[in-house]
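**Q** Structure incoming, see below.
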Amino acid sequence: MSLDLYYFSATGNCLAVARDIASEFEDARLIPITKALAVGIEQADAVGVVFPVYMFGLPLIVAEFLKALKLNPGTYVFTVATFGGLPGRAHSLARNILKSGGLKLSCGFSVIMPGNYTPLYGAISEEKQKEMFSREKIRVKEIAQFVRARKEGVFEESPVFTNFLFYSLFYRLGAKQIPSLSKGFWVTDACIKCGRCAGVCPVANIEMKDGRPVWLDHCQHCMACLQWCPVEAIQYAKTTVGRKRYRHPAVSEEDIKGQKA
Ligand SMILES: Cc1cc2nc3c(=O)[nH]c(=O)nc-3n(C[C@H](O)[C@H](O)[C@H](O)COP(=O)(O)O)c2cc1C
């Protein structure tokens with residue numbers, strides 16, 4: 001069975017999970033969502049979409065990709081969401097978008113990984129990260145088994161009441177504001193003008209002006225710029241100064257850069 005795995009990743013969790021899933025199949029291809037949106041989507045027997053949960057829902061670029069997804073009827077489609085605490089209702093959103101395009105979402109898995117939303121919290125300890133990565137390897141094998149058997153019907157989401165509360169509060173009200181949230185980023189005097197923030201931005205939302213980053217208006221709020229800054233000069237609002245950054249240890253800056261369309 002040919003499997004195409006599309007992914008969006010800022011700090012590597014989704015790329016690591018997508019790679020691990022791919023390694024369970026003989027004929028799997030890894031494709032960045034940003035590139036697929038630019039060059040078009042090819043047909044495969046099965047399609048998996050791996051993305052991070054944002055505000056209990058979907059990153060905007062993932063919603064855009066799902067809207068653009070045109071596949072042969074009967075293609076087996078599944079989603080895998082990585083999340084730091086609460087998966088929300090990302091799979092339900094994906095299912096609804098796909099349904100409007102005449103496609104069926106067969107199942108949606110959620111894999112807990114270290115959270116990367118530094119405006120709210122710092123990275124967990126390396127020891128806890130390692131425990132999570134060990135559990136992720138086991139989860140991936142279960143997911144691959146499920147997909148190989150083309151099973152249906154599992155959608156791993158937060159409980160209905162939690163979703164009602166958090167999803168309604170954050171995603172429904174906040175998602176449209178995401179592109180303009182880039183206004184909250186700023187850079188300290190520690191900036192060494194290396195331009196790596198612009199390099200890792202998966203959606204090319206950063207321009208360098210006089211050697212320093214300037215954020216444009218199509219931000220995904222993914223935190224790649226803040227997390228990959230080698231001197232931790234990039235901050236968001238007032239809460240990120242001094243907070244521990246996060247990047248998946250098996251994913252490189254080049255891997256993240258490779259997503260650029
Ligand atoms: C803007 C933003 C919103 C997030 N919202 C949630 C959330 O609602 N629930 C959750 O559990 N994790 C949330 N996270 C954490 C990410 O989903 C999680 O760390 C994910 O594994 C990151 O994937 P990546 O490393 O591939 O970018 C959020 C992260 C960001 C940047």
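How things are named: the first chain in the structure tokens is A, the next is B, and so on; residues count from 1 in each chain; ligands count from 1 in the order shown.
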Please give me, as a VMD selection string, the residues lying within 7 Å of ligand 1 when counting only C-alpha atoms and all ligand atoms.
**A** chain A and resid 8 to 15 51 to 57 82 to 88 112 to 117 221 to 223 247 to 248
**Q** Those same residues, written as an mmCIF file, in the first residue's frame with N, CA and C atoms?
**A**
data_model
loop_
_atom_site.group_PDB
_atom_site.id
_atom_site.type_symbol
_atom_site.label_atom_id
_atom_site.label_comp_id
_atom_site.auth_asym_id
_atom_site.auth_seq_id
_atom_site.Cartn_x
_atom_site.Cartn_y
_atom_site.Cartn_z
ATOM 1 N N PHE A 8 3.132 19.096 9.251
ATOM 2 C CA PHE A 8 3.509 20.478 9.557
ATOM 3 C C PHE A 8 4.170 20.432 10.928
ATOM 4 N N SER A 9 5.340 21.036 11.071
ATOM 5 C CA SER A 9 6.070 20.909 12.327
ATOM 6 C C SER A 9 6.954 22.119 12.572
ATOM 7 N N ALA A 10 6.907 22.663 13.784
ATOM 8 C CA ALA A 10 7.739 23.820 14.121
ATOM 9 C C ALA A 10 8.920 23.416 14.984
ATOM 10 N N THR A 11 8.690 22.492 15.917
ATOM 11 C CA THR A 11 9.774 22.108 16.823
ATOM 12 C C THR A 11 10.112 20.625 16.696
ATOM 13 N N GLY A 12 9.580 19.985 15.695
ATOM 14 C CA GLY A 12 10.040 18.642 15.351
ATOM 15 C C GLY A 12 9.172 17.482 15.813
ATOM 16 N N ASN A 13 8.240 17.713 16.743
ATOM 17 C CA ASN A 13 7.453 16.580 17.237
ATOM 18 C C ASN A 13 6.700 15.883 16.102
ATOM 19 N N CYS A 14 6.031 16.670 15.273
ATOM 20 C CA CYS A 14 5.222 16.059 14.199
ATOM 21 C C CYS A 14 6.109 15.393 13.153
ATOM 22 N N LEU A 15 7.249 16.016 12.885
ATOM 23 C CA LEU A 15 8.152 15.397 11.916
ATOM 24 C C LEU A 15 8.685 14.076 12.467
ATOM 25 N N PHE A 51 -0.042 16.693 12.414
ATOM 26 C CA PHE A 51 -0.004 18.130 12.718
ATOM 27 C C PHE A 51 -0.052 18.355 14.232
ATOM 28 N N PRO A 52 0.371 19.530 14.686
ATOM 29 C CA PRO A 52 0.252 19.846 16.120
ATOM 30 C C PRO A 52 -1.134 20.414 16.438
ATOM 31 N N VAL A 53 -1.620 20.148 17.622
ATOM 32 C CA VAL A 53 -2.872 20.774 18.071
ATOM 33 C C VAL A 53 -2.567 22.228 18.417
ATOM 34 N N TYR A 54 -3.354 23.150 17.893
ATOM 35 C CA TYR A 54 -3.232 24.569 18.240
ATOM 36 C C TYR A 54 -4.559 25.040 18.806
ATOM 37 N N MET A 55 -4.523 25.585 20.010
ATOM 38 C CA MET A 55 -5.737 26.141 20.642
ATOM 39 C C MET A 55 -6.888 25.148 20.617
ATOM 40 N N PHE A 56 -6.576 23.888 20.882
ATOM 41 C CA PHE A 56 -7.578 22.810 20.938
ATOM 42 C C PHE A 56 -8.173 22.497 19.568
ATOM 43 N N GLY A 57 -7.570 23.063 18.535
ATOM 44 C CA GLY A 57 -8.056 22.817 17.175
ATOM 45 C C GLY A 57 -6.893 22.605 16.219
ATOM 46 N N THR A 82 -0.212 15.729 17.316
ATOM 47 C CA THR A 82 0.644 15.715 18.500
ATOM 48 C C THR A 82 0.191 16.882 19.375
ATOM 49 N N PHE A 83 0.274 16.705 20.668
ATOM 50 C CA PHE A 83 -0.242 17.735 21.578
ATOM 51 C C PHE A 83 0.539 17.683 22.892
ATOM 52 N N GLY A 84 0.462 18.805 23.649
ATOM 53 C CA GLY A 84 1.223 18.856 24.889
ATOM 54 C C GLY A 84 0.403 18.571 26.135
ATOM 55 N N GLY A 85 -0.906 18.696 26.053
ATOM 56 C CA GLY A 85 -1.711 18.515 27.265
ATOM 57 C C GLY A 85 -3.142 18.096 26.986
ATOM 58 N N LEU A 86 -3.803 18.805 26.066
ATOM 59 C CA LEU A 86 -5.206 18.496 25.727
ATOM 60 C C LEU A 86 -5.375 18.507 24.210
ATOM 61 N N PRO A 87 -5.785 17.378 23.623
ATOM 62 C CA PRO A 87 -5.871 17.327 22.156
ATOM 63 C C PRO A 87 -7.063 18.082 21.573
ATOM 64 N N GLY A 88 -8.013 18.466 22.433
ATOM 65 C CA GLY A 88 -9.141 19.255 21.929
ATOM 66 C C GLY A 88 -9.959 18.503 20.902
ATOM 67 N N ILE A 112 0.757 12.276 22.702
ATOM 68 C CA ILE A 112 1.274 13.319 23.601
ATOM 69 C C ILE A 112 2.792 13.461 23.413
ATOM 70 N N MET A 113 3.229 14.709 23.305
ATOM 71 C CA MET A 113 4.646 15.037 23.100
ATOM 72 C C MET A 113 4.948 16.275 23.971
ATOM 73 N N PRO A 114 6.221 16.631 24.123
ATOM 74 C CA PRO A 114 6.500 17.833 24.917
ATOM 75 C C PRO A 114 5.830 19.072 24.315
ATOM 76 N N GLY A 115 5.192 19.852 25.166
ATOM 77 C CA GLY A 115 4.529 21.073 24.705
ATOM 78 C C GLY A 115 5.550 22.118 24.278
ATOM 79 N N ASN A 116 5.192 22.930 23.283
ATOM 80 C CA ASN A 116 6.133 23.949 22.789
ATOM 81 C C ASN A 116 5.553 25.359 22.849
ATOM 82 N N TYR A 117 4.478 25.534 23.636
ATOM 83 C CA TYR A 117 3.872 26.881 23.654
ATOM 84 C C TYR A 117 4.471 27.718 24.788
ATOM 85 N N HIS A 221 1.819 31.238 14.146
ATOM 86 C CA HIS A 221 2.034 31.235 15.593
ATOM 87 C C HIS A 221 2.686 29.924 16.066
ATOM 88 N N CYS A 222 3.513 29.334 15.192
ATOM 89 C CA CYS A 222 4.032 27.984 15.473
ATOM 90 C C CYS A 222 5.191 27.975 16.464
ATOM 91 N N MET A 223 5.807 29.140 16.700
ATOM 92 C CA MET A 223 6.918 29.301 17.653
ATOM 93 C C MET A 223 8.259 28.827 17.119
ATOM 94 N N ARG A 247 12.986 21.898 21.551
ATOM 95 C CA ARG A 247 13.120 21.376 20.183
ATOM 96 C C ARG A 247 13.308 19.868 20.285
ATOM 97 N N HIS A 248 12.663 19.128 19.387
ATOM 98 C CA HIS A 248 12.829 17.664 19.424
ATOM 99 C C HIS A 248 14.290 17.332 19.101
#
**Q** Write out as a ChimeraX atom specification which residues come within 12 Å of A:Thr239 when counting only C-alpha atoms, dropping same-chain ones fewer than 3 positions away.
**A** /A:117-122,184-186,234-236,242-244
**Q** Work out how far apart atom CA of A:Ala46 and atom CA of A:Leu60 are and give it in Å to one decimal.
**A**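 A separation of 22.9 Å between them.
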**Q** If you count only C-alpha atoms, which residues fall within 7 Å of A:Pro32, apart from same-chain ones fewer than 4 positions away, as a short mmCIF file (atom, residue, chain, number, x, y, z; two decimals) with N, CA, C and O atoms, in the first residue's frame?
**A**
data_model
loop_
_atom_site.label_atom_id
_atom_site.label_comp_id
_atom_site.auth_asym_id
_atom_site.auth_seq_id
_atom_site.Cartn_x
_atom_site.Cartn_y
_atom_site.Cartn_z
N TYR A 6 1.65 13.64 5.13
CA TYR A 6 1.84 15.09 5.08
C TYR A 6 2.04 15.59 6.51
O TYR A 6 1.35 15.13 7.43
N TYR A 7 2.95 16.55 6.69
CA TYR A 7 3.19 17.03 8.06
C TYR A 7 3.44 18.53 8.09
O TYR A 7 3.89 19.13 7.12
N PHE A 8 3.13 19.10 9.25
CA PHE A 8 3.51 20.48 9.56
C PHE A 8 4.17 20.43 10.93
O PHE A 8 3.63 19.84 11.86
N ALA A 36 3.28 20.87 -0.28
CA ALA A 36 2.14 20.27 -0.99
C ALA A 36 1.17 21.36 -1.43
O ALA A 36 0.61 21.30 -2.53
N GLN A 259 10.90 22.57 5.12
CA GLN A 259 9.45 22.66 4.88
C GLN A 259 9.07 23.82 4.00
O GLN A 259 7.95 23.91 3.49
#
**Q** Could you pull out the residues in stretch 26-108 of chain A that DSSP calls strand (DSSP E) from the backbone, as a VMD selection string?
**A** chain A and resid 28 to 32 46 to 52 76 to 83 105 to 108
